[in-house]
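**Student:** This is my_file_16.csv (CSV, C-alpha atoms and all ligand atoms).
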```csv
chain,number,residue,atom,x,y,z
A,238,MET,CA,-46.1,-11.2,-27.7
A,239,SER,CA,-46.0,-14.8,-28.9
A,240,ALA,CA,-45.7,-17.7,-26.5
A,241,SER,CA,-42.2,-18.6,-27.7
A,242,LYS,CA,-41.0,-14.9,-27.3
A,243,LEU,CA,-42.5,-14.8,-23.8
A,244,THR,CA,-40.7,-18.1,-22.9
A,245,THR,CA,-37.4,-16.6,-24.3
A,246,LEU,CA,-38.0,-13.5,-22.2
A,247,LEU,CA,-38.7,-15.4,-19.1
A,248,LEU,CA,-35.6,-17.6,-19.6
A,249,LEU,CA,-33.5,-14.5,-20.1
A,250,THR,CA,-35.0,-12.9,-17.0
A,251,ASN,CA,-34.3,-16.0,-15.0
A,252,ALA,CA,-30.7,-16.1,-16.3
A,253,LEU,CA,-30.2,-12.5,-15.3
A,254,ILE,CA,-31.7,-13.0,-11.8
A,255,GLY,CA,-29.6,-16.2,-11.5
A,256,THR,CA,-26.4,-14.2,-12.3
A,257,ALA,CA,-27.3,-11.5,-9.8
A,258,ILE,CA,-27.9,-14.2,-7.1
A,259,ALA,CA,-24.6,-16.0,-8.0
A,260,ALA,CA,-22.7,-12.8,-7.6
A,261,SER,CA,-24.1,-11.8,-4.3
A,262,SER,CA,-23.1,-13.5,-1.0
A,263,SER,CA,-25.2,-15.8,1.1
A,264,GLY,CA,-25.5,-12.9,3.6
A,265,CYS,CA,-28.2,-11.2,1.5
A,266,THR,CA,-31.2,-12.1,3.6
A,267,ALA,CA,-34.1,-9.7,4.0
A,268,ASN,CA,-34.0,-7.7,7.2
A,269,LYS,CA,-30.8,-9.4,8.5
A,270,ALA,CA,-29.6,-7.0,11.2
A,271,LEU,CA,-26.3,-5.3,11.2
A,272,PRO,CA,-23.9,-6.4,14.0
A,273,ASN,CA,-24.2,-4.4,17.3
A,274,GLY,CA,-23.2,-0.8,17.1
A,275,GLN,CA,-23.1,-0.7,13.3
A,276,THR,CA,-25.5,1.5,11.3
A,277,PRO,CA,-25.6,2.6,7.7
A,278,GLY,CA,-23.6,5.8,7.4
A,279,GLY,CA,-22.7,5.6,11.1
A,280,ASP,CA,-19.3,5.7,12.9
A,281,THR,CA,-16.5,3.3,11.9
A,282,VAL,CA,-16.5,0.4,14.3
A,283,LYS,CA,-13.6,-1.8,15.5
A,284,VAL,CA,-14.3,-5.5,15.3
A,285,ALA,CA,-12.4,-8.2,17.2
A,286,PHE,CA,-11.9,-11.2,15.0
A,287,THR,CA,-10.3,-14.7,15.3
A,288,GLN,CA,-8.6,-16.0,12.2
A,289,SER,CA,-8.8,-19.8,11.5
A,290,ASP,CA,-5.4,-20.6,13.0
A,291,GLY,CA,-6.6,-19.0,16.2
A,292,THR,CA,-4.8,-15.7,16.0
A,293,ALA,CA,-6.6,-12.8,17.6
A,294,ARG,CA,-7.0,-10.0,15.0
A,295,ASP,CA,-9.1,-6.9,14.5
A,296,TYR,CA,-10.2,-4.5,11.8
A,297,LEU,CA,-12.2,-1.3,11.4
A,298,ILE,CA,-15.3,-1.4,9.3
A,299,HIS,CA,-17.4,1.4,7.8
A,300,ILE,CA,-20.9,0.8,6.5
A,301,PRO,CA,-22.1,3.3,3.8
A,302,SER,CA,-25.3,5.2,4.4
A,303,THR,CA,-26.8,3.5,1.3
A,304,TYR,CA,-26.4,0.0,2.8
A,305,VAL,CA,-29.5,-2.2,2.9
A,306,SER,CA,-29.4,-5.9,3.8
A,307,THR,CA,-30.9,-7.0,0.5
A,308,THR,CA,-28.7,-5.1,-2.0
A,309,PRO,CA,-25.2,-6.5,-2.6
A,310,ALA,CA,-22.5,-3.9,-1.8
A,311,GLU,CA,-18.9,-3.7,-2.9
A,312,LEU,CA,-16.2,-4.5,-0.3
A,313,ILE,CA,-13.0,-2.5,-0.2
A,314,PHE,CA,-10.0,-3.5,1.9
A,315,SER,CA,-7.4,-0.8,2.7
A,316,PHE,CA,-4.2,-1.9,4.3
A,317,HIS,CA,-2.1,0.5,6.4
A,318,GLY,CA,1.7,1.1,6.2
A,319,HIS,CA,4.4,-0.2,8.6
A,320,THR,CA,4.4,1.5,12.1
A,321,VAL,CA,1.0,3.1,11.5
A,322,ASP,CA,-2.4,1.6,12.1
A,323,ALA,CA,-5.8,0.9,10.6
A,324,SER,CA,-7.2,4.2,11.9
A,325,ASN,CA,-4.4,6.1,10.1
A,326,GLN,CA,-5.2,4.2,6.9
A,327,GLU,CA,-8.9,5.2,7.1
A,328,SER,CA,-7.9,8.9,7.4
A,329,ILE,CA,-5.3,8.9,4.5
A,330,SER,CA,-7.2,6.6,2.0
A,331,GLN,CA,-10.7,8.1,2.7
A,332,PHE,CA,-12.6,5.0,1.6
A,333,SER,CA,-15.2,5.8,4.3
A,334,ASN,CA,-15.8,9.2,2.7
A,335,PRO,CA,-19.2,9.0,0.9
A,336,LYS,CA,-17.9,11.6,-1.6
A,337,PHE,CA,-15.3,9.0,-2.9
A,338,ASN,CA,-17.0,5.7,-1.9
A,339,PRO,CA,-20.8,6.2,-1.6
A,340,ASN,CA,-21.9,2.5,-1.7
A,341,GLY,CA,-19.0,0.2,-0.7
A,342,ILE,CA,-18.3,-1.3,2.7
A,343,ALA,CA,-14.8,-0.2,3.7
A,344,VAL,CA,-12.6,-2.5,5.9
A,345,TYR,CA,-9.2,-1.4,7.4
A,346,PRO,CA,-7.5,-4.5,8.7
A,347,GLN,CA,-4.9,-4.2,11.5
A,348,GLY,CA,-1.5,-5.8,11.0
A,349,LYS,CA,0.2,-7.7,13.8
A,350,GLY,CA,3.1,-5.4,15.0
A,351,ASP,CA,1.7,-2.8,12.6
A,352,SER,CA,3.2,-4.7,9.6
A,353,TRP,CA,2.2,-7.1,6.9
A,354,GLN,CA,3.4,-10.4,5.5
A,355,GLY,CA,6.0,-10.2,2.8
A,356,ALA,CA,8.1,-7.4,4.3
A,357,PRO,CA,11.5,-8.4,5.9
A,358,TYR,CA,10.4,-6.9,9.3
A,359,ALA,CA,7.0,-8.7,9.4
A,360,ASP,CA,6.5,-11.4,12.1
A,361,GLU,CA,7.2,-14.7,10.4
A,362,GLY,CA,4.6,-16.5,12.4
A,363,VAL,CA,1.7,-14.4,11.1
A,364,ASN,CA,-0.3,-15.6,8.1
A,365,ASP,CA,-2.0,-12.4,6.8
A,366,ILE,CA,-3.1,-14.1,3.5
A,367,GLU,CA,-5.2,-16.5,5.7
A,368,PHE,CA,-6.5,-13.5,7.7
A,369,VAL,CA,-7.7,-11.9,4.4
A,370,LYS,CA,-9.4,-15.1,3.3
A,371,ASP,CA,-11.0,-15.6,6.7
A,372,MET,CA,-12.3,-12.0,6.7
A,373,ILE,CA,-13.7,-12.4,3.2
A,374,SER,CA,-15.5,-15.5,4.2
A,375,ASN,CA,-16.9,-14.0,7.5
A,376,LEU,CA,-17.8,-10.6,5.9
A,377,THR,CA,-19.7,-12.2,3.0
A,378,GLU,CA,-21.7,-14.2,5.5
A,379,THR,CA,-22.4,-11.3,7.8
A,380,TYR,CA,-23.2,-8.6,5.3
A,381,CYS,CA,-24.9,-8.4,1.9
A,382,ILE,CA,-21.8,-8.2,-0.3
A,383,ASP,CA,-21.4,-8.6,-4.0
A,384,THR,CA,-18.6,-11.3,-4.1
A,385,SER,CA,-17.7,-10.3,-7.7
A,386,LYS,CA,-16.8,-6.8,-6.4
A,387,ILE,CA,-14.2,-7.2,-3.6
A,388,TYR,CA,-11.2,-5.0,-4.0
A,389,ALA,CA,-7.8,-4.4,-2.2
A,390,SER,CA,-5.7,-1.3,-1.7
A,391,GLY,CA,-3.0,-0.3,0.6
A,392,MET,CA,-0.2,2.2,1.5
A,393,SER,CA,3.5,1.4,1.6
A,394,ASN,CA,3.9,-2.0,3.4
A,395,GLY,CA,0.1,-2.3,3.0
A,396,GLY,CA,0.7,-1.6,-0.7
A,397,GLY,CA,3.3,-4.3,-0.8
A,398,PHE,CA,0.8,-6.6,0.9
A,399,THR,CA,-1.8,-5.7,-1.7
A,400,ALA,CA,0.6,-6.9,-4.3
A,401,THR,CA,1.3,-10.1,-2.3
A,402,LEU,CA,-2.4,-10.8,-2.4
A,403,ALA,CA,-2.5,-10.1,-6.2
A,404,CYS,CA,0.4,-12.6,-6.5
A,405,ASP,CA,-1.3,-15.4,-4.7
A,406,SER,CA,-3.7,-17.5,-6.7
A,407,SER,CA,-5.4,-18.8,-3.6
A,408,VAL,CA,-6.7,-15.3,-2.8
A,409,ASN,CA,-6.5,-13.3,-6.0
A,410,THR,CA,-9.4,-15.3,-7.3
A,411,LEU,CA,-11.6,-13.7,-4.6
A,412,ILE,CA,-10.5,-10.1,-5.3
A,413,ALA,CA,-11.4,-8.3,-8.5
A,414,ALA,CA,-8.7,-5.6,-8.7
A,415,PHE,CA,-5.7,-4.2,-6.8
A,416,ALA,CA,-4.5,-0.7,-6.0
A,417,PRO,CA,-1.1,-0.5,-4.2
A,418,VAL,CA,0.0,3.1,-3.3
A,419,SER,CA,3.7,3.9,-2.7
A,420,GLY,CA,4.1,0.2,-2.2
A,421,ALA,CA,7.1,-1.6,-0.7
A,422,TYR,CA,7.5,-4.6,-3.1
A,423,TYR,CA,10.2,-6.4,-1.2
A,424,ILE,CA,12.0,-9.1,-3.0
A,425,ASP,CA,14.0,-11.6,-1.0
A,426,SER,CA,17.4,-11.5,-2.7
A,427,SER,CA,21.0,-11.2,-1.6
A,428,THR,CA,22.2,-9.2,-4.6
A,429,CYS,CA,19.9,-6.2,-5.3
A,430,GLU,CA,19.5,-5.2,-8.9
A,431,PRO,CA,16.3,-3.2,-8.9
A,432,THR,CA,15.9,-3.2,-12.7
A,433,ALA,CA,17.1,-6.7,-13.4
A,434,ILE,CA,14.7,-8.6,-11.3
A,435,LYS,CA,11.6,-10.4,-12.6
A,436,VAL,CA,9.6,-10.1,-9.4
A,437,PRO,CA,8.6,-13.7,-8.4
A,438,CYS,CA,4.9,-14.2,-8.4
A,439,ASP,CA,2.5,-17.1,-8.5
A,440,LYS,CA,-0.6,-15.3,-9.7
A,441,GLY,CA,-2.3,-18.1,-11.6
A,442,ASP,CA,-4.1,-17.7,-15.0
A,443,ARG,CA,-6.1,-14.5,-14.3
A,444,ILE,CA,-5.3,-11.2,-15.9
A,445,VAL,CA,-5.1,-9.4,-12.6
A,446,PRO,CA,-6.0,-5.7,-12.8
A,447,VAL,CA,-3.4,-3.5,-11.0
A,448,ILE,CA,-3.2,0.3,-10.6
A,449,GLU,CA,-0.1,1.7,-8.9
A,450,PHE,CA,0.7,5.2,-7.6
A,451,HIS,CA,4.2,6.3,-6.6
A,452,GLY,CA,5.9,9.6,-6.1
A,453,ASP,CA,9.3,10.3,-7.7
A,454,ALA,CA,10.4,12.2,-4.5
A,455,ASP,CA,9.7,9.2,-2.2
A,456,THR,CA,12.8,8.7,0.0
A,457,THR,CA,11.3,5.9,2.1
A,458,ILE,CA,10.5,3.5,-0.8
A,459,PRO,CA,12.5,5.2,-3.5
A,460,TYR,CA,11.1,5.2,-7.1
A,461,GLY,CA,14.5,3.9,-8.4
A,462,GLY,CA,14.5,1.0,-5.9
A,463,GLU,CA,17.3,0.1,-3.5
A,464,LYS,CA,18.6,-2.5,-1.1
A,465,LYS,CA,16.7,-2.1,2.2
A,466,ASN,CA,16.3,-4.1,5.3
A,467,GLY,CA,18.4,-6.9,3.8
A,468,ASP,CA,16.0,-7.3,0.9
A,469,CYS,CA,15.6,-5.6,-2.5
A,470,LEU,CA,13.1,-3.0,-3.5
A,471,PRO,CA,12.6,-2.9,-7.3
A,472,GLU,CA,12.6,0.2,-9.5
A,473,VAL,CA,8.9,1.1,-9.6
A,474,SER,CA,8.3,1.4,-13.4
A,475,HIS,CA,10.1,-2.0,-13.8
A,476,TRP,CA,7.8,-3.5,-11.2
A,477,VAL,CA,4.8,-2.2,-13.1
A,478,ARG,CA,6.1,-3.5,-16.4
A,479,SER,CA,6.6,-6.9,-14.6
A,480,TRP,CA,2.9,-6.9,-13.9
A,481,SER,CA,2.0,-6.1,-17.4
A,482,TRP,CA,4.3,-8.8,-18.7
A,483,ARG,CA,2.8,-11.3,-16.3
A,484,ASP,CA,-0.7,-10.3,-17.3
A,485,GLY,CA,0.3,-10.9,-21.0
A,486,LEU,CA,-0.1,-7.2,-21.8
A,487,GLY,CA,3.4,-6.5,-23.1
A,488,LEU,CA,6.2,-4.2,-22.0
A,489,GLU,CA,5.1,-1.1,-23.8
A,490,ASN,CA,2.6,1.4,-22.5
A,491,LYS,CA,0.4,4.3,-23.7
A,492,THR,CA,1.9,7.3,-21.9
A,493,THR,CA,0.0,10.4,-21.0
A,494,TYR,CA,2.2,13.3,-19.8
A,495,ASP,CA,1.4,16.3,-17.7
A,496,MET,CA,-1.8,15.3,-16.1
A,497,TYR,CA,-3.2,17.0,-13.0
A,498,SER,CA,-1.3,20.4,-13.3
A,499,GLY,CA,1.7,18.7,-14.9
A,500,LYS,CA,2.4,16.4,-12.0
A,501,VAL,CA,1.4,13.0,-13.3
A,502,THR,CA,2.7,10.8,-16.0
A,503,ARG,CA,0.3,7.9,-16.5
A,504,SER,CA,1.3,4.6,-18.1
A,505,GLN,CA,-1.5,2.3,-19.4
A,506,PHE,CA,-0.9,-1.3,-20.5
A,507,PRO,CA,-1.3,-2.7,-23.0
A,508,GLN,CA,-0.1,0.0,-25.4
A,509,ASN,CA,-3.0,-0.6,-27.9
A,510,SER,CA,-5.9,1.4,-26.6
A,511,SER,CA,-8.3,-0.6,-28.8
A,512,ASP,CA,-7.3,-3.8,-27.1
A,513,PRO,CA,-10.1,-5.1,-24.8
A,514,SER,CA,-7.6,-5.4,-22.0
A,515,PHE,CA,-6.4,-1.8,-22.4
A,516,GLY,CA,-5.9,-0.2,-19.0
A,517,LYS,CA,-5.8,-3.4,-16.9
A,518,VAL,CA,-2.4,-2.3,-15.7
A,519,GLN,CA,-1.9,1.3,-14.9
A,520,HIS,CA,0.7,3.5,-13.2
A,521,TYR,CA,0.5,7.1,-11.9
A,522,LYS,CA,4.0,8.5,-11.4
A,523,THR,CA,3.7,11.8,-9.5
A,524,ALA,CA,6.4,14.4,-9.7
A,525,GLY,CA,7.5,15.9,-6.4
A,526,LEU,CA,5.4,13.5,-4.3
A,527,ALA,CA,7.0,12.0,-1.2
A,528,HIS,CA,6.1,8.8,0.6
A,529,THR,CA,2.4,9.5,0.9
A,530,TRP,CA,-1.1,8.8,-0.5
A,531,PRO,CA,-1.8,11.2,-3.3
A,532,SER,CA,-4.5,13.7,-2.2
A,533,LYS,CA,-5.3,17.4,-2.7
A,534,SER,CA,-3.3,18.1,0.5
A,535,SER,CA,-0.1,16.2,-0.7
A,536,THR,CA,-0.3,17.0,-4.5
A,537,SER,CA,-2.6,18.2,-7.2
A,538,TYR,CA,-5.2,15.3,-7.2
A,539,ASP,CA,-6.9,12.6,-5.1
A,540,ALA,CA,-5.9,9.0,-5.8
A,541,THR,CA,-9.0,7.5,-4.2
A,542,PRO,CA,-11.6,8.5,-6.8
A,543,ILE,CA,-9.2,7.3,-9.5
A,544,ILE,CA,-8.9,4.0,-7.7
A,545,MET,CA,-12.7,3.7,-7.3
A,546,GLU,CA,-13.2,4.3,-11.0
A,547,PHE,CA,-10.6,1.6,-11.8
A,548,PHE,CA,-12.2,-0.8,-9.4
A,549,GLY,CA,-15.6,0.0,-11.0
A,550,ASN,CA,-14.3,-1.3,-14.3
A,551,TYR,CA,-13.6,-4.8,-13.0
A,552,THR,CA,-15.6,-7.6,-11.5
A,553,LEU,CA,-14.8,-11.3,-11.0
B,601,LIG,C1,-17.7,-13.4,12.1
B,601,LIG,O1,-16.8,-12.9,13.0
B,601,LIG,C2,-17.5,-12.3,14.2
B,601,LIG,C3,-16.4,-11.6,15.0
B,601,LIG,O2,-15.3,-12.5,15.3
B,601,LIG,C4,-18.2,-13.5,14.9
B,601,LIG,O3,-18.9,-12.9,16.0
B,601,LIG,C5,-19.2,-14.1,14.0
B,601,LIG,O4,-19.8,-15.2,14.5
B,601,LIG,C6,-18.5,-14.5,12.6
B,601,LIG,N1,-19.6,-14.9,11.7
B,601,LIG,C7,-19.5,-16.0,10.9
B,601,LIG,C8,-20.6,-16.2,10.0
B,601,LIG,O5,-18.5,-16.7,10.9
B,602,LIG,C1,5.8,3.9,-20.3
B,602,LIG,O1,6.5,4.4,-21.5
B,602,LIG,C2,7.3,5.6,-21.3
B,602,LIG,C3,7.8,6.0,-22.6
B,602,LIG,O2,8.5,5.0,-23.2
B,602,LIG,C4,8.4,5.3,-20.3
B,602,LIG,O3,9.1,6.4,-20.0
B,602,LIG,C5,7.8,4.8,-18.9
B,602,LIG,O4,8.7,4.4,-18.0
B,602,LIG,C6,6.8,3.6,-19.2
B,602,LIG,N1,6.1,3.3,-18.0
B,602,LIG,C7,6.3,2.1,-17.3
B,602,LIG,C8,5.5,1.9,-16.1
B,602,LIG,O5,7.1,1.3,-17.7
B,603,LIG,C1,-5.2,-3.0,-31.5
B,603,LIG,O1,-6.2,-3.8,-31.0
B,603,LIG,C2,-7.3,-4.0,-32.0
B,603,LIG,C3,-8.4,-4.7,-31.2
B,603,LIG,O2,-8.0,-5.9,-30.7
B,603,LIG,C4,-6.8,-4.7,-33.2
B,603,LIG,O3,-7.8,-4.9,-34.1
B,603,LIG,C5,-5.6,-3.9,-33.8
B,603,LIG,O4,-5.1,-4.7,-34.9
B,603,LIG,C6,-4.6,-3.7,-32.7
B,603,LIG,N1,-3.6,-2.8,-33.3
B,603,LIG,C7,-2.3,-3.1,-33.3
B,603,LIG,C8,-1.4,-2.0,-33.8
B,603,LIG,O5,-1.8,-4.1,-32.8
```
Please express what this file holds, its structure, as structure tokens.
**Tutor:**
Amino acid sequence: MSASKLTTLLLLTNALIGTAIAASSSGCTANKALPNGQTPGGDTVKVAFTQSDGTARDYLIHIPSTYVSTTPAELIFSFHGHTVDASNQESISQFSNPKFNPNGIAVYPQGKGDSWQGAPYADEGVNDIEFVKDMISNLTETYCIDTSKIYASGMSNGGGFTATLACDSSVNTLIAAFAPVSGAYYIDSSTCEPTAIKVPCDKGDRIVPVIEFHGDADTTIPYGGEKKNGDCLPEVSHWVRSWSWRDGLGLENKTTYDMYSGKVTRSQFPQNSSDPSFGKVQHYKTAGLAHTWPSKSSTSYDATPIIMEFFGNYTL
């Protein structure tokens, strides 16, 4: 190999290593011990946490068996629904299950009053967006996390909150992709027209990847939208189109019918499957599914591996 070729190779290698270091967090130090009681592949642990405005919070954390302090891991947040808790969310979303998520750290934050910012019943004094930013900053210091691979998902009110994060340019720049499930996308409006509303959102410039799951037999957060708790719930396909429109991916989709034993209609945006942005907004409408997380016990497929595959396509 010539000297100039070798120099080029060394420069390339350095550039690649530089990229790898830039993407990982400052927590990647050789032999840095896990916090007390936490072991790779061990039990999920509850952690007490103080957010920067002084509010006492907590979350559950699961460390995958593959975790080592020198290899940057993905970080996946999973937010629970209203009136249920972080532990319930771990059991329905299964992000601690190595079969679905072998390598990512799973975090299940606990909402104050079992609810999340953005819903009409949430405690107005609680700043959950700040809580998430504070957790990201603390977790990336404490563990070896790939900061380009932080993801958010959630159920119902937690799905609505996942969308609230996607819509906030101060936090959506820290999270690579979003997966709300049976989400409650409350809009503060006196007159409720579920299909007429352009859901307000300050998402910034990013094309924000979003995958949404909803059952057409959901009576809690109905697919067709309704007026609820004094606010408006949008019609779900309209809400998804709003995301595609905001992301600049158009209002038309590529539709795949009768997936998963005929239960699922999948919409992928933009419609042109050759477009480099194809699939950045997706929707799984599930026939006969009620207000729940799609799994083999509630319908014909598991949503979690589909979410993991979607997350795997996107990094910051
Ligand atoms: C992260 O939070 C934990 C729990 O509240 C705390 O003990 C620890 O000091 C924090 N670490 C950093 C780097 O802020
Ligand atoms: C995708 O297109 C199909 C066919 O036009 C339509 O029925 C469906 O509602 C669209 N999906 C979304 C999320 O808009
Ligand atoms: C689809 O996208 C490809 C790649 O960007 C482009 O070349 C092609 O013209 C597009 N097709 C249509 C129908 O817009």
**Student:** Can I get the residues of range 460-536 of chain A within 12 Å of range 387-392 of chain A, each with the closest pair of atoms and their distance in Å to one decimal, using all atoms listed in the file, sorted chain first then ascending number, as CSV?
**Tutor:**
```
residue,atom,partner,partner_atom,distance
A:His528,CA,A:Met392,CA,9.2
A:Thr529,CA,A:Met392,CA,7.8
A:Trp530,CA,A:Met392,CA,7.0
A:Pro531,CA,A:Met392,CA,10.3
```
**Student:** Could the residues in this selection be saved with C-alpha atoms as a tab-separated table (two decimals), in the coordinates of the input?
**Tutor:**
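Everything below was put into result.tsv:
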```
chain	number	residue	atom	x	y	z
A	528	HIS	CA	6.10	8.80	0.60
A	529	THR	CA	2.40	9.50	0.90
A	530	TRP	CA	-1.10	8.80	-0.50
A	531	PRO	CA	-1.80	11.20	-3.30
```
**Student:** Per residue of range 264-292 of chain A within 9 Å of range 369-376 of chain A, note the shortest atom pair and the distance in Å to one decimal, counting all atoms listed in the file, and order the rows by chain and increasing residue number, as JSON lines.
**Tutor:**
```
{"residue": "A:Gly264", "atom": "CA", "partner": "A:Leu376", "partner_atom": "CA", "distance": 8.4}
{"residue": "A:Phe286", "atom": "CA", "partner": "A:Met372", "partner_atom": "CA", "distance": 8.3}
{"residue": "A:Thr287", "atom": "CA", "partner": "A:Asp371", "partner_atom": "CA", "distance": 8.7}
{"residue": "A:Gln288", "atom": "CA", "partner": "A:Asp371", "partner_atom": "CA", "distance": 6.0}
{"residue": "A:Ser289", "atom": "CA", "partner": "A:Asp371", "partner_atom": "CA", "distance": 6.7}
```
**Student:** Could you report the residues within 10 Å of ligand LIG 602 (chain B), using only C-alpha atoms and all ligand atoms, as a ChimeraX atom specification?
**Tutor:** /A:449,472-481,488-494,502-506,508,518-522
**Student:** List all protein, DNA and RNA residues that have an atom no more than 6 Å from any atom of ligand LIG 603 (chain B), counting only C-alpha atoms and all ligand atoms, and report them as a CSV table (one decimal) with C-alpha atoms, keeping the file's coordinate frame.
**Tutor:**
```csv
chain,number,residue,atom,x,y,z
A,509,ASN,CA,-3.0,-0.6,-27.9
A,511,SER,CA,-8.3,-0.6,-28.8
A,512,ASP,CA,-7.3,-3.8,-27.1
```
**Student:** Between CA of Thr456 in chain A and CA of Ala527 in chain A, what distance in Å does the model show, to one decimal?
**Tutor:** 6.8 Å
**Student:** In Å, how far is it from CA of Gly397 in chain A to CA of Thr281 in chain A?
**Tutor:**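 Interatomic distance, CA of Gly397 in chain A to CA of Thr281 in chain A: 24.7 Å.
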**Student:** In the coordinate frame of the file, compute which residues have an atom within 12 Å of (-3.0, -9.6, -1.6) when using only C-alpha atoms, and state them as a PyMOL selection string.
**Tutor:** chain A and resi 314-316+353-355+364-370+387-391+394-417+422+438-440+445+447
**Student:** Given the choices A:Gly291, A:Gly278, A:Pro335, A:Gly362, which gets closest to ligand LIG 601 (chain B) if the distance is worked out from only C-alpha atoms and all ligand atoms?
**Tutor:**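 Going through A:Gly291, A:Gly278, A:Pro335, A:Gly362 one by one, the smallest distance to ligand LIG 601 (chain B) is for A:Gly291.
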**Student:** Can you work out the spacing between CA of Phe332 in chain A and CA of Gly420 in chain A in Å, to one decimal?
**Tutor:**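 Taking CA of Phe332 in chain A as the start and CA of Gly420 in chain A as the end point, the length is 17.8 Å.
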**Student:** Between A:Gly467, A:Ser306, A:Ser330, A:Thr377, which has the minimum distance to ligand LIG 601 (chain B) (counting only C-alpha atoms and all ligand atoms)?
**Tutor:**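 When distances to ligand LIG 601 (chain B) are compared using only C-alpha atoms and all ligand atoms, the smallest one comes from A:Thr377.
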**Student:** Go through A:Asp295, A:Asp280, A:Glu378, A:Asp468 and flag the residue nearest Pro309 in chain A, using all atoms listed in the file for the distances.
**Tutor:**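 Closest to Pro309 in chain A, using all atoms listed in the file: A:Glu378.
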**Student:** Which one is closest to ligand LIG 601 (chain B): A:Ala421, A:Ala267, A:Ala293, A:Ile382? Count all atoms listed in the file.
**Tutor:**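 Answer, going by the shortest atom-to-atom distance: A:Ala293.
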**Student:** Counting all atoms listed in the file, what is within 9 Å of range 296-301 of chain A, bar same-chain residues fewer than 6 positions away, as a PyMOL selection string?
**Tutor:** chain A and resi 275-286+323-324+327+332-335+338-348
**Student:** Nearest residue to Thr523 in chain A out of A:Val501, A:Ala433, A:Ala454, A:Cys265, using all atoms listed in the file?
**Tutor:**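 Among the listed residues, A:Val501 lies closest to Thr523 in chain A.
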**Student:** If we draw a sphere of 6 Å around (4.4, 8.9, -6.4), which residues have at least one atom in it when counting all atoms listed in the file? Please report them as a tab-separated table (two decimals) with C-alpha atoms, in the frame of the given file.
**Tutor:**
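Output below, filename result-v8.tsv:
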```
chain	number	residue	atom	x	y	z
A	450	PHE	CA	0.70	5.20	-7.60
A	451	HIS	CA	4.20	6.30	-6.60
A	452	GLY	CA	5.90	9.60	-6.10
A	453	ASP	CA	9.30	10.30	-7.70
A	522	LYS	CA	4.00	8.50	-11.40
A	523	THR	CA	3.70	11.80	-9.50
A	526	LEU	CA	5.40	13.50	-4.30
```
**Student:** Out of A:Tyr358, A:Phe337, A:Tyr538, A:Tyr380, which residue has the shortest atom-to-atom distance to ligand LIG 601 (chain B) when counting only C-alpha atoms and all ligand atoms?
**Tutor:**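 Closest candidate: A:Tyr380.
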**Student:** Save N, CA and C atoms of range 378-389 of chain A from the block above as a tab-separated table (two decimals), in the first residue's frame.
**Tutor:**
```
chain	number	residue	atom	x	y	z
A	378	GLU	N	-25.29	10.12	31.17
A	378	GLU	CA	-24.10	10.25	32.03
A	378	GLU	C	-23.83	8.95	32.79
A	379	THR	N	-24.92	8.28	33.16
A	379	THR	CA	-24.80	7.13	34.06
A	379	THR	C	-24.46	5.83	33.32
A	380	TYR	N	-25.02	5.69	32.11
A	380	TYR	CA	-24.84	4.44	31.34
A	380	TYR	C	-24.12	4.75	30.04
A	381	CYS	N	-23.66	3.70	29.38
A	381	CYS	CA	-23.09	3.87	28.05
A	381	CYS	C	-24.23	3.80	27.04
A	382	ILE	N	-24.68	4.97	26.57
A	382	ILE	CA	-25.84	5.05	25.69
A	382	ILE	C	-25.44	5.72	24.38
A	383	ASP	N	-25.94	5.17	23.28
A	383	ASP	CA	-25.73	5.80	21.98
A	383	ASP	C	-26.77	6.92	21.85
A	384	THR	N	-26.31	8.16	21.98
A	384	THR	CA	-27.25	9.30	22.01
A	384	THR	C	-27.93	9.53	20.65
A	385	SER	N	-27.48	8.82	19.61
A	385	SER	CA	-28.20	8.94	18.33
A	385	SER	C	-29.33	7.90	18.24
A	386	LYS	N	-29.42	7.03	19.29
A	386	LYS	CA	-30.43	5.96	19.26
A	386	LYS	C	-31.29	5.97	20.51
A	387	ILE	N	-31.92	7.11	20.76
A	387	ILE	CA	-32.87	7.23	21.88
A	387	ILE	C	-34.27	7.30	21.26
A	388	TYR	N	-35.19	6.50	21.78
A	388	TYR	CA	-36.52	6.34	21.17
A	388	TYR	C	-37.63	6.48	22.21
A	389	ALA	N	-38.83	6.85	21.75
A	389	ALA	CA	-39.96	6.99	22.67
A	389	ALA	C	-41.20	6.29	22.15
```
